[in-house]
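Structure record follows, encoded as structure tokens.
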6 protein chains.
Amino acid sequence: MLAGPEVDRLAAMAGKHKIFLVMGVIEKEAYTLYCTVLFFDPQGQYLGKHRKLMPTTMERVIWGFGDVSTIPVYETPLGKIGSLICWENRMPLLRTALYAKGVEIYCAPTADDSDVWQASMKHIAVEGGCFVLSANQFCRRKDYPPPPDYVFADVDNEPLPESVACAGGSVIISPSGVVLAGPNFDGEALISAELDLGEIVRAKFGFDVVGHYSRPDVLSLIVRDHSLKPVFFTSAEKKANNEQKLP
Amino acid sequence: MLAGPEVDRLAAMAGKHKIFLVMGVIEKEAYTLYCTVLFFDPQGQYLGKHRKLMPTTMERVIWGFGDVSTIPVYETPLGKIGSLICWENRMPLLRTALYAKGVEIYCAPTADDSDVWQASMKHIAVEGGCFVLSANQFCRRKDYPPPPDYVFADVDNEPLPESVACAGGSVIISPSGVVLAGPNFDGEALISAELDLGEIVRAKFGFDVVGHYSRPDVLSLIVRDHSLKPVFFTSAEKKANNEQKLP
Amino acid sequence: MLAGPEVDRLAAMAGKHKIFLVMGVIEKEAYTLYCTVLFFDPQGQYLGKHRKLMPTTMERVIWGFGDVSTIPVYETPLGKIGSLICWENRMPLLRTALYAKGVEIYCAPTADDSDVWQASMKHIAVEGGCFVLSANQFCRRKDYPPPPDYVFADVDNEPLPESVACAGGSVIISPSGVVLAGPNFDGEALISAELDLGEIVRAKFGFDVVGHYSRPDVLSLIVRDHSLKPVFFTSAEKKANNEQKLP
Amino acid sequence: MLAGPEVDRLAAMAGKHKIFLVMGVIEKEAYTLYCTVLFFDPQGQYLGKHRKLMPTTMERVIWGFGDVSTIPVYETPLGKIGSLICWENRMPLLRTALYAKGVEIYCAPTADDSDVWQASMKHIAVEGGCFVLSANQFCRRKDYPPPPDYVFADVDNEPLPESVACAGGSVIISPSGVVLAGPNFDGEALISAELDLGEIVRAKFGFDVVGHYSRPDVLSLIVRDHSLKPVFFTSAEKKANNEQKLP
Amino acid sequence: MLAGPEVDRLAAMAGKHKIFLVMGVIEKEAYTLYCTVLFFDPQGQYLGKHRKLMPTTMERVIWGFGDVSTIPVYETPLGKIGSLICWENRMPLLRTALYAKGVEIYCAPTADDSDVWQASMKHIAVEGGCFVLSANQFCRRKDYPPPPDYVFADVDNEPLPESVACAGGSVIISPSGVVLAGPNFDGEALISAELDLGEIVRAKFGFDVVGHYSRPDVLSLIVRDHSLKPVFFTSAEKKANNEQKLP
Amino acid sequence: MLAGPEVDRLAAMAGKHKIFLVMGVIEKEAYTLYCTVLFFDPQGQYLGKHRKLMPTTMERVIWGFGDVSTIPVYETPLGKIGSLICWENRMPLLRTALYAKGVEIYCAPTADDSDVWQASMKHIAVEGGCFVLSANQFCRRKDYPPPPDYVFADVDNEPLPESVACAGGSVIISPSGVVLAGPNFDGEALISAELDLGEIVRAKFGFDVVGHYSRPDVLSLIVRDHSLKPVFFTSAEKKANNEQKLP
């Protein structure tokens with residue numbers, strides 16, 4: 001259970017605007033940081049979280065490794081909502097696990113403003129037969145603390161305050177690969193689209209990655225989705241969950 | 001072992017031009033047709049084949065289903081060459097099997113000339129950390145037999161002989177997602193690019209889908225890559241392969 | 001619940017001096033003795049106890065065996081306080097259980113005045129990323145009853161009254177392995193150090209034994225931390241703890 | 001199976017000098033580097049390898065993660081030889097796995113020349129009841145390529161060619177924690193000691209970490225020592241090992 | 001609560017002689033008889049009872065079955081007093097339950113005058129580390145009603161009035177197995193011994209059946225010591241015991 | 001699997017004399033000694049072993065602790081043979097585990113020549129409804145190495161070579177508590193008796209400790225009879241026993 005004033009504030013925002021909010025954050029547990037997605041509902045409730053499974057290159061020095069116990073898919077009046085964050089969206093086995101959970105509204109918060117990211121989002125929409133909503137941050141150098149508190153890669157070439165650090169590119173794509181909104185590279189913005197869930201049915205008719213277009217006789221994916229902890233206290237396990245088995 | 005005059009002719013072409021030739025064909029075995037890729041080397045030798053694992057929608061009426069006993073990856077002086085054909089390129093588990101075999105030059109013959117296909121090719125290049133060479137046919141109505149021998153979807157709206165049936169779009173993409181040649185939609189053409197295998201190393205440094213960016217502890221893919229046949233004659237099996245076990 | 005005049009006296013001392021007191025004692029329950037650590041708070045309250053899990057060589061004749069139902073870690077304004085006693089500090093699985101409980105101030109009362117003990121304390125500090133406070137007794141022959149009430153190992157070589165029986169060596173070490181106070185081998189003494197809990201964060205950044213530097217996918221420790229009793233009376237169990245399950 | 005000219009050269013050296021050689025190296029498989037220990041015997045044979053389980057902080061950007069399928073312990077005329085490399089020696093669960101395999105001669109190649117490392121080696125010797133042989137590199141700035149090919153942490157403060165980059169500290173310690181040779185911080189050197197395996201028996205009499213001083217009833221370590229691979233080809237598995245089960 | 005003139009009379013006797021009285025009786029509740037032990041204190045108070053858990057062979061025709069809600073152990077100035085009656089003394093699990101309650105003065109009223117009974121009493125003393133006081137009745141044929149009111153086993157061989165029906169054998173044994181008084185087979189008699197509770201400590205030092213010589217990790221006894229009744233009136237239960245849970 | 005020249009020699013003796021041989025030995029595994037019983041059959045085969053569960057007082061310094069994975073009961077033409085060794089015969093829960101396995105011929109090798117031991121053997125025979133065969137060693141001071149290689153308790157009062165160190169007392173008892181042979185205290189000897197298994201049936205008619213005279217509704221014994229090991233290698237587990245579950 002994640003808690004704290006930041007979580008409360010995000011929950012309040014979701015409740016105030018009566019929206020489902022899917023938000024990338026940095027989570028701290030004990031002495032480790034995680035790249036995490038939080039889910040909130042229109043009633044202002046915190047629903048749960050997903051932790052990034054594998055930190056990307058330099059992140060591995062700072063961020064912890066998630067496991068597959070946190071890839072929730074929430075059944076909502078809008079459709080089934082799930083999320084992967086940042087470059088783990090490139091992991092075909094992890095995406096397949098999310099597809100198998102029936103994701104219909106696939107949220108992909110990121111910090112990647114490249115041309116290739118746009119291609120991946122389009123690919124994922126048709127591969128998964130789902131709507132893809134990728135929110136990317138738009139920020140300038142001045143949005144970060146000044147040096148020496150925060151140092152960009154090369155200390156001798158400190159960018160100008162107005163220079164763009166991450167160019168955005170938020171986008172919404174349909175299950176047949178049609179871009180419904182964005183990509184927006186113009187600055188902070190709100191993009192939106194009306195989603196017709198019937199599109200999913202039509203797309204899956206042609207290609208259903210975990211249905212008629214799978215080949216479970218020859219290709220099967222094992223997803224070990226229990227919580228990974230180095231130490232199990234049997235008393236805690238019993239209290240937490242009577243049915244849970246030790247590994 | 002595939003044999004016949006068409007195979008011989010393709011082999012001779014590869015030998016004459018001293019090229020590796022990766023070619024999409026329609027294979028006939030007994031009473032079943034398969035969508036198949038053939039591989040030839042610069043010495044004019046037939047190397048082997050890959051059969052499309054899963055026919056696409058209407059194809060299922062005509063084509064047979066492949067298995068994973070035919071996803072060869074050939075180690076060549078140019079790099080490791082493999083291939084998936086048509087929409088099976090959308091199958092994340094099958095692609096991952098090919099990545100695990102170390103494919104460096106990923107050939108994707110297709111008949112899909114859509115915008116989404118281009119996005120998928122770019123995605124696969126970065127997902128797999130490999131060069132993607134997608135050859136798509138360019139053809140007009142007149143390239144097929146006239147009706148009633150060959151009927152396009154709607155018999156009452158027979159296209160004009162010059163109308164484009166498939167628009168091409170052959171393309172070559174680098175492991176970092178840069179388009180090196182194409183996509184060509186202008187008609188029959190030969191496209192080419194110089195491939196620097198060092199690009200693969202640099203791309204894998206950031207994202208290695210079956211290496212440092214995999215999570216084999218929680219996500220593992222089982223590939224049953226033996227030959228699928230409804231009837232096994234034990235004597236034939238012994239002859240063919242002393243080590244092969246029955247499934 | 002441990003009670004008695006000795007416990008009251010220790011509690012009073014903790015209250016008078018407004019200190020957390022972590023004290024090695026010999027506990028007697030029914031007909032068995034245990035090597036035990038008691039915890040008291042600055043309000044003069046007895047907090048609880050830890051029983052040594054495994055008696056050392058000759059001790060096994062006299063002392064009972066603890067279980068893992070008593071490895072408390074107390075959250076205090078000074079940090080999280082826990083303790084192992086004597087040679088069980090050498091047990092890597094037991095230490096890991098304490099690390100998993102988040103110990104920040106690791107108390108290790110002992111009777112081992114060897115050079116190797118000092119090395120172990122330094123190792124534990126960096127292994128666990130915690131402050132280690134090891135209090136060792138300093139005592140002379142005359143502090144024990146005279147023979148024949150109390151006999152040292154060799155009855156024919158009774159030590160002189162002033163001879164040192166245990167040489168002390170109390171020490172305080174930081175999470176990065178820096179000795180902050182001691183080791184004191186000069187006689188009875190009080191050693192102290194100011195502990196900066198931020199040191200723990202900095203040390204865990206490099207090595208977090210139950211966090212980013214663990215590998216729960218391949219190495220997992222099961223801690224059966226229920227109370228071990230040869231006979232369970234169901235009525236007593238119900239009264240003591242509604243949630244507790246029989247083994 | 002690891003192969004290559006460097007392996008051949010090391011094997012030849014072991015054969016020439018009729019020694020067991022335990023050597024830290026950087027291994028390259030596909031596109032990933034591993035921090036690895038190689039084992040050779042006096043006949044000049046390559047015996048096998050151990051891959052570092054968890055890269056340390058910045059290493060995680062470059063080196064891959066090992067698994068527990070490679071913690072060999074070799075029964076030799078000198079005793080049972082095993083090895084952990086660098087900071088994974090700090091992992092109590094991993095050490096315990098090695099102890100359980102009966103290691104008698106525990107080799108710990110490292111690049112850590114700190115005072116704390118010496119304490120850890122002494123601790124491990126008594127914790128494991130084994131001889132610890134820790135070989136640390138001694139190297140100067142000039143032993144690395146000159147900038148810009150190789151850059152030390154701060155490019156503006158390039159060290160002088162003669163400045164010490166890693167100060168060594170190779171050491172040999174007995175199961176009772178006695179330093180038999182070293183630590184040597186004087187430069188490149190060969191240190192040696194005569195090992196009396198009877199020392200192990202005497203040390204284990206007092207403390208046997210996986211024997212009489214363990215508590216398997218309440219603390220048990222699960223070691224998942226199969227090979228971790230993201231993709232399993234069933235044909236390859238059958239060929240490699242008839243008994244091996246898929247995960 | 002047991003009441004009646006016989007109970008009053010026994011209580012008065014205990015009070016008059018200022019003794020703890022432990023007495024085997026036949027208890028009648030509703031239409032069922034029980035083989036029961038009654039406890040009285042030197043103040044002439046009835047303390048409580050123990051009902052024989054399991055009737056012996058032919059007894060099962062007449063006597064009811066007890067449960068484990070009545071195995072009291074009374075803390076008295078003489079030590080902790082408990083009792084099992086007749087052949088249930090042979091039940092190792094039931095004895096262990098009594099040991100776990102800390103019995104120090106183990107009373108075993110019986111009607112077994114065999115040689116084997118003496119062996120069992122001696123065994124129980126050392127097994128339980130307690131004093132065993134076994135009172136056996138001495139009676140002749142004439143102590144029972146004459147036939148046909150009371151018939152011994154074989155009606156045609158009615159014993160002579162003076163013939164011994166049960167030969168006694170009352171005995172007092174120390175925790176180390178030393179016979180302190182008896183066994184008396186000479187007729188009605190009063191036997192007595194001085195009990196040194198320090199004997200228990202010395203015996204338990206070597207063998208403590210529910211302490212250091214138990215193995216609760218692998219052998220644990222569950223004692224369901226609630227009252228067994230075929231019908232529970234919830235209102236009655238609430239009145240009797242607010243804390244008691246239904247089974 | 002236990003192996004070695006001593007085992008071979010004992011097996012040969014059993015085969016030569018065509019007897020079942022149940023023999024107390026000292027077993028060595030890794031660095032730990034166990035007090036163990038070995039079983040051999042008339043064909044000269046080693047059948048298996050039982051390790052003493054709990055060492056007795058001073059033994060705990062030297063001998064390891066067994067678990068309940070080794071309490072075999074062998075079905076033989078002579079009846080079902082099992083064994084406990086030395087003072088663990090005093091453990092009522094452990095005996096009950098053996099009774100539950102159906103032991104008919106209960107072997108109790110020991111080094112206890114006391115009067116109490118004889119009582120316990122008689123008690124066990126009637127408690128368990130089985131034949132008890134207790135073999136005790138007869139030895140003199142001279143049967144041990146001379147000092148200083150072997151020192152009896154008090155070095156200053158070295159016994160005379162002919163003085164009896166252990167007086168024997170081997171005995172065979174029937175299920176109704178009748179002594180069939182022995183106890184022999186006269187020196188080394190062979191004692192024997194003819195066993196009528198029908199005796200067991202007759203004894204159990206009156207008292208069946210794990211049958212009609214048990215009360216499983218209120219007293220139940222949990223026997224955790226898996227192997228206790230501090231470290232589990234999953235690969236070894238799979239190889240050894242496909243059905244075995246990890247703890």
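Chain identifiers are assigned as A, B, and so on, following the order in which chains appear in the structure tokens; residues are numbered from 1 within each chain, and ligands are numbered from 1 in order of appearance.
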Which residues in stretch 18-232 of chain E does DSSP call helix (DSSP H, G or I)? List them as a ChimeraX atom specification.
-> /E:57-61,86-90,92-100,115-128,141-143,155-157,198-206
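Close contacts of C:Phe65, defined as residues with an atom at most 7 Å away when counting only C-alpha atoms, with chain neighbours fewer than 5 positions off set aside, comprise C:Lys52, C:Leu53, C:Met54, C:Pro55.
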Take the selection from the previous step and output its residues with N, CA and C atoms, as a PDB file, in the first residue's frame.
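Final file, again07.pdb:
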```
ATOM      1  N   LYS C  52      18.531 -15.917  22.210  1.00  0.00           N
ATOM      2  CA  LYS C  52      19.574 -16.447  21.327  1.00  0.00           C
ATOM      3  C   LYS C  52      19.059 -17.715  20.662  1.00  0.00           C
ATOM      4  N   LEU C  53      19.206 -17.768  19.352  1.00  0.00           N
ATOM      5  CA  LEU C  53      18.612 -18.850  18.577  1.00  0.00           C
ATOM      6  C   LEU C  53      19.325 -20.176  18.821  1.00  0.00           C
ATOM      7  N   MET C  54      20.639 -20.125  18.899  1.00  0.00           N
ATOM      8  CA  MET C  54      21.411 -21.363  18.956  1.00  0.00           C
ATOM      9  C   MET C  54      22.521 -21.215  19.981  1.00  0.00           C
ATOM     10  N   PRO C  55      22.498 -21.999  21.075  1.00  0.00           N
ATOM     11  CA  PRO C  55      23.589 -21.911  22.044  1.00  0.00           C
ATOM     12  C   PRO C  55      24.901 -22.372  21.399  1.00  0.00           C
TER      13      PRO C  55
END
```
Give me the residues of chain F that have any atom at most 12 Å from an atom of chain C; for each, the nearest atom pair and the distance in Å, rounded to one decimal. Use only C-alpha atoms, sort by chain and number, and format it as a tab-separated table.
```
residue	atom	partner	partner_atom	distance
F:Met54	CA	C:Arg60	CA	11.5
F:Pro55	CA	C:Val61	CA	9.8
F:Thr56	CA	C:Val61	CA	8.3
F:Thr57	CA	C:Val61	CA	4.8
F:Met58	CA	C:Val61	CA	5.8
F:Glu59	CA	C:Val61	CA	8.3
F:Arg60	CA	C:Arg60	CA	6.2
F:Val61	CA	C:Thr57	CA	4.9
F:Ile62	CA	C:Thr57	CA	8.1
F:Trp63	CA	C:Thr57	CA	10.4
F:Gly64	CA	C:Thr57	CA	11.2
F:Phe65	CA	C:Arg60	CA	11.8
F:Met91	CA	C:Pro230	CA	11.2
F:Pro92	CA	C:Pro230	CA	11.1
F:Leu93	CA	C:Pro230	CA	9.0
F:Leu94	CA	C:Pro230	CA	11.3
F:Asp154	CA	C:Val155	CA	11.2
F:Val155	CA	C:Asp154	CA	11.3
F:Asp156	CA	C:Asp156	CA	10.9
F:Val218	CA	C:Thr234	CA	9.6
F:Leu219	CA	C:Phe233	CA	9.6
F:Ser220	CA	C:Val231	CA	9.9
F:Leu221	CA	C:Val231	CA	9.0
F:Ile222	CA	C:Pro247	CA	8.2
F:Val223	CA	C:Pro247	CA	10.6
F:Arg224	CA	C:Pro247	CA	10.1
F:Pro230	CA	C:Leu93	CA	9.0
F:Val231	CA	C:Leu221	CA	9.2
F:Phe232	CA	C:Leu219	CA	9.9
F:Phe233	CA	C:Leu219	CA	9.7
F:Thr234	CA	C:Val218	CA	9.6
F:Ser235	CA	C:Val218	CA	11.7
F:Leu246	CA	C:Ile222	CA	10.7
F:Pro247	CA	C:Ile222	CA	8.6
```
Do you know which residues are at most 9 Å from stretch 77-82 of chain A counting only C-alpha atoms, after dropping those on the same chain fewer than 4 positions away, and could you put them as a JSON list (two decimals) with C-alpha atoms, in the first residue's frame?
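The resulting result.json:
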```
[["chain", "number", "residue", "atom", "x", "y", "z"],
["A", 22, "VAL", "CA", -2.84, 7.21, -14.63],
["A", 39, "PHE", "CA", -3.96, 4.60, -10.81],
["A", 50, "HIS", "CA", 2.57, -0.73, -11.36],
["A", 71, "ILE", "CA", 0.62, -5.23, -13.59],
["A", 72, "PRO", "CA", -2.96, -4.45, -12.69],
["A", 73, "VAL", "CA", -5.68, -4.11, -15.30],
["A", 98, "LEU", "CA", -0.59, -7.24, -20.25],
["A", 101, "LYS", "CA", -4.93, -9.57, -18.91],
["A", 102, "GLY", "CA", -7.27, -8.04, -21.49],
["A", 103, "VAL", "CA", -6.01, -4.47, -21.53],
["A", 104, "GLU", "CA", -8.19, -2.22, -23.73],
["A", 105, "ILE", "CA", -6.83, 1.19, -22.75],
["A", 106, "TYR", "CA", -3.07, 0.85, -22.69],
["A", 107, "CYS", "CA", -1.39, 3.80, -20.96],
["A", 108, "ALA", "CA", 2.28, 4.37, -21.68],
["A", 195, "LEU", "CA", -12.67, 6.03, -27.81],
["A", 197, "LEU", "CA", -14.46, 0.22, -27.87]]
```
Which residues, written as a list of chain:residue names, have at least one atom at most 8 Å from A:Lys18, with only C-alpha atoms counted and residues fewer than 5 positions away on the same chain left out?
-> A:Asp41, A:Pro42, A:Gln43, A:Gly44
Please measure the separation of atom CA of A:Gly169 and atom CA of A:Lys122, giving the value in Å to one decimal.
-> 12.9 Å
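Atom CA of E:Asp115 sits 16.1 Å away from atom CA of E:Val164.
If you look at atom CA of C:Ala189 and atom CA of C:Ala125, they are 22.3 Å away from each other.
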